[in-house]
Amino acid sequence: MKGTTIIKNLGLTGAAILLASTERSDGFVLSPSLVTFFAPTHLSAHPGKAGGGGGGPGSSVVDSPPDTGFIATELRGAAMRLHTRAQAPKEGEREVPKEPAEPYVPTHMDYLKFLVDSRHVYAALEDIVNEMPELEVYRNNGLERVKGLDIDIEWMASEYDLEIPHVGSAGLSYAEKLRDVAKESVPAFMCHYYNYYFAHTAGGRMIGLQMASLLLNKKTLEFYKWGDLNAIKAKVKGDIEDMADKWSREEKDDCVDQTAAAFMGGGAINGYLSGGRSGH
């Protein structure tokens, strides 16, 4: 297959460690790497300080007041607790797992399986949003990924002479989970919606860059293309905050309580790239 020499020459170096997951009998547990890559963003409670730069003597940078919204406080808090103490010394609660002796080198088929399962989950998310009147505000907001993934999957199969695989257990189980959660609780579903989409705009983009370099001769897939991403994210976050303002305390708890399940759903699909799901 094209790209094999590229993989051998480059190696996966830090990417494999960052994507590594551990496995147990009842499924995947979150490694710090999957939290790092799957977290929608390392949300700062002080967004005016995020992004680095400035701040020295004579700097005109002015700190913004802390963001006290539901996303920046409650969802962020739940996400940060899933980090390790090394990643988040003040808030992290997970131990650092042992690193694999040999970094896993993903293949074109591994990446194609990742894309196929990802498409299945995004299709479920889009279907749920389009079917539920209370989620109308999230329709056609620019985060949708199915059309781009359709193009990418066909391109990879053609370019590397691969047979498009069936959706694997990771994609099937998480899509089913999303549909079940949406039927039970819109606030609970919104935790998955926010975490899954925004993870792709953050750590997911780093995965895309790594895979493009290792496997695709630096080609950027449609999966990783948006319009004005910052504007899209700001609009969607605002819509979520407006919705959360109307939730009861119990509904907010329902949302926050889904954080670990959201991370595990996305983390299991990332497992295709770390050797955690060599079967399909």
# chains A, B, ... in the order shown; residues from 1 in each chain; ligands from 1
$ residues_around --residues "His200 in chain A" --least-positions-apart "2" --cutoff "12 Å" --atoms "only C-alpha atoms" --output "NGL selection string"
:A and (36-41 or 118 or 122 or 143-145 or 193-198 or 202-209 or 223-226 or 229 or 233 or 263 or 266-267 or 270)
$ write_last_selection --atoms "N, CA and C atoms" --output "tab-separated table (two decimals), in the first residue's frame"
chain	number	residue	atom	x	y	z
A	36	THR	N	-6.52	13.57	26.82
A	36	THR	CA	-5.87	14.72	26.20
A	36	THR	C	-6.39	14.93	24.79
A	37	PHE	N	-6.46	13.86	24.01
A	37	PHE	CA	-6.88	14.00	22.64
A	37	PHE	C	-8.38	14.11	22.49
A	38	PHE	N	-9.14	13.44	23.38
A	38	PHE	CA	-10.58	13.46	23.19
A	38	PHE	C	-11.24	14.63	23.88
A	39	ALA	N	-10.59	15.23	24.86
A	39	ALA	CA	-11.21	16.38	25.51
A	39	ALA	C	-11.51	17.45	24.48
A	40	PRO	N	-12.70	18.06	24.53
A	40	PRO	CA	-13.06	19.05	23.54
A	40	PRO	C	-12.11	20.22	23.49
A	41	THR	N	-11.52	20.55	24.60
A	41	THR	CA	-10.48	21.57	24.67
A	41	THR	C	-10.00	21.58	26.09
A	118	SER	N	-16.32	6.59	12.85
A	118	SER	CA	-16.61	8.00	13.15
A	118	SER	C	-17.83	8.47	12.36
A	122	TYR	N	-21.29	10.13	13.81
A	122	TYR	CA	-21.75	11.46	13.39
A	122	TYR	C	-23.11	11.38	12.71
A	143	LEU	N	-21.06	22.14	12.14
A	143	LEU	CA	-20.26	21.09	12.78
A	143	LEU	C	-20.44	19.73	12.10
A	144	GLU	N	-21.45	19.58	11.26
A	144	GLU	CA	-21.77	18.29	10.65
A	144	GLU	C	-20.56	17.73	9.89
A	145	ARG	N	-20.36	16.41	10.01
A	145	ARG	CA	-19.17	15.77	9.42
A	145	ARG	C	-19.49	14.66	8.44
A	193	TYR	N	-23.05	15.33	22.71
A	193	TYR	CA	-23.00	16.21	21.54
A	193	TYR	C	-21.83	17.18	21.67
A	194	TYR	N	-21.77	17.86	22.79
A	194	TYR	CA	-20.71	18.84	22.99
A	194	TYR	C	-19.33	18.18	22.98
A	195	ASN	N	-19.15	17.15	23.77
A	195	ASN	CA	-17.84	16.53	23.89
A	195	ASN	C	-17.37	15.91	22.57
A	196	TYR	N	-18.25	15.25	21.86
A	196	TYR	CA	-17.82	14.56	20.64
A	196	TYR	C	-17.48	15.55	19.54
A	197	TYR	N	-18.34	16.51	19.30
A	197	TYR	CA	-18.06	17.48	18.24
A	197	TYR	C	-16.86	18.36	18.58
A	198	PHE	N	-16.81	18.85	19.80
A	198	PHE	CA	-15.74	19.79	20.13
A	198	PHE	C	-14.41	19.08	20.34
A	202	ALA	N	-10.61	20.04	18.43
A	202	ALA	CA	-9.40	20.28	19.24
A	202	ALA	C	-8.42	19.14	19.04
A	203	GLY	N	-8.43	18.16	19.95
A	203	GLY	CA	-7.51	17.03	19.84
A	203	GLY	C	-7.67	16.25	18.56
A	204	GLY	N	-8.90	16.18	18.04
A	204	GLY	CA	-9.13	15.47	16.79
A	204	GLY	C	-8.35	16.04	15.63
A	205	ARG	N	-8.16	17.34	15.64
A	205	ARG	CA	-7.37	17.97	14.58
A	205	ARG	C	-5.91	17.56	14.68
A	206	MET	N	-5.41	17.37	15.90
A	206	MET	CA	-4.04	16.89	16.06
A	206	MET	C	-3.90	15.47	15.54
A	207	ILE	N	-4.90	14.64	15.79
A	207	ILE	CA	-4.90	13.30	15.24
A	207	ILE	C	-4.85	13.37	13.72
A	208	GLY	N	-5.67	14.24	13.14
A	208	GLY	CA	-5.69	14.38	11.68
A	208	GLY	C	-4.35	14.79	11.11
A	209	LEU	N	-3.67	15.71	11.78
A	209	LEU	CA	-2.35	16.13	11.31
A	209	LEU	C	-1.34	14.99	11.38
A	223	PHE	N	-12.85	15.74	6.43
A	223	PHE	CA	-13.24	15.58	7.84
A	223	PHE	C	-12.69	16.71	8.70
A	224	TYR	N	-11.55	17.26	8.30
A	224	TYR	CA	-10.88	18.28	9.09
A	224	TYR	C	-11.00	19.68	8.49
A	225	LYS	N	-12.04	19.89	7.72
A	225	LYS	CA	-12.26	21.20	7.11
A	225	LYS	C	-13.60	21.78	7.57
A	226	TRP	N	-13.57	23.02	7.98
A	226	TRP	CA	-14.77	23.74	8.39
A	226	TRP	C	-14.79	25.08	7.66
A	229	LEU	N	-14.36	28.23	11.83
A	229	LEU	CA	-14.53	27.33	12.97
A	229	LEU	C	-14.75	28.08	14.27
A	233	LYS	N	-18.00	27.48	16.61
A	233	LYS	CA	-17.89	27.04	18.00
A	233	LYS	C	-18.54	28.04	18.95
A	263	PHE	N	-16.44	10.38	26.88
A	263	PHE	CA	-15.02	10.19	26.62
A	263	PHE	C	-14.73	8.74	26.21
A	266	GLY	N	-15.87	8.07	22.46
A	266	GLY	CA	-14.89	8.56	21.49
A	266	GLY	C	-13.56	7.87	21.61
A	267	GLY	N	-13.15	7.58	22.85
A	267	GLY	CA	-11.87	6.92	23.06
A	267	GLY	C	-11.81	5.53	22.45
A	270	ASN	N	-11.00	5.93	18.86
A	270	ASN	CA	-9.58	6.26	18.73
A	270	ASN	C	-8.71	5.02	18.85
$ closest_atom_pairs --of "range 221-253 of chain A" --to "range 63-78 of chain A" --cutoff "12 Å" --atoms "only C-alpha atoms" --output "Markdown table"
| residue | atom | partner | partner_atom | distance |
| --- | --- | --- | --- | --- |
| A:Ala234 | CA | A:Ile71 | CA | 11.8 |
| A:Val236 | CA | A:Ile71 | CA | 11.2 |
| A:Lys237 | CA | A:Ile71 | CA | 7.8 |
| A:Gly238 | CA | A:Gly69 | CA | 9.5 |
| A:Asp239 | CA | A:Ile71 | CA | 11.1 |
| A:Ile240 | CA | A:Ile71 | CA | 8.1 |
| A:Glu241 | CA | A:Phe70 | CA | 6.3 |
| A:Asp242 | CA | A:Phe70 | CA | 9.6 |
| A:Met243 | CA | A:Phe70 | CA | 10.0 |
| A:Ala244 | CA | A:Phe70 | CA | 6.9 |
| A:Asp245 | CA | A:Phe70 | CA | 8.0 |
| A:Lys246 | CA | A:Phe70 | CA | 11.2 |
| A:Trp247 | CA | A:Phe70 | CA | 10.6 |
| A:Arg249 | CA | A:Phe70 | CA | 11.4 |
| A:Glu251 | CA | A:Phe70 | CA | 12.0 |
| A:Lys252 | CA | A:Phe70 | CA | 8.5 |
| A:Asp253 | CA | A:Glu74 | CA | 9.0 |
$ closest_residue --among "A:Leu273, A:Val256, A:Ile128, A:Leu162" --to "Met80 in chain A" --atoms "only C-alpha atoms"
A:Val256
$ atom_distance --atom1 "CA of Glu131 in chain A" --atom2 "CA of Val167 in chain A"
22.4 Å
$ select_by_dssp --residues "range 192-227 of chain A" --states "alpha helix (DSSP H)" --output "number ranges by chain"
A: 192-201, 203-215
$ residues_around --residues "Gly265 in chain A" --least-positions-apart "4" --cutoff "8 Å" --atoms "only C-alpha atoms" --output "JSON list (two decimals) with N, CA, C and O atoms, in the first residue's frame"
[["chain", "number", "residue", "atom", "x", "y", "z"],
["A", 170, "ALA", "N", -17.10, -0.57, 17.97],
["A", 170, "ALA", "CA", -16.96, 0.71, 18.68],
["A", 170, "ALA", "C", -17.98, 1.72, 18.17],
["A", 170, "ALA", "O", -18.67, 2.38, 18.95],
["A", 174, "TYR", "N", -21.47, 2.89, 20.29],
["A", 174, "TYR", "CA", -21.59, 4.27, 20.73],
["A", 174, "TYR", "C", -22.79, 4.96, 20.06],
["A", 174, "TYR", "O", -23.50, 5.74, 20.71],
["A", 261, "ALA", "N", -18.81, 8.67, 30.03],
["A", 261, "ALA", "CA", -19.35, 7.84, 28.94],
["A", 261, "ALA", "C", -19.04, 8.47, 27.59],
["A", 261, "ALA", "O", -18.75, 7.76, 26.61],
["A", 269, "ILE", "N", -13.25, 4.55, 19.73],
["A", 269, "ILE", "CA", -13.03, 4.70, 18.29],
["A", 269, "ILE", "C", -11.58, 5.10, 18.01],
["A", 269, "ILE", "O", -10.96, 4.63, 17.06]]
$ atom_distance --atom1 "CA of Val137 in chain A" --atom2 "CA of Gly227 in chain A"
18.2 Å
$ atom_distance --atom1 "CA of Gln87 in chain A" --atom2 "CA of Cys255 in chain A"
23.9 Å
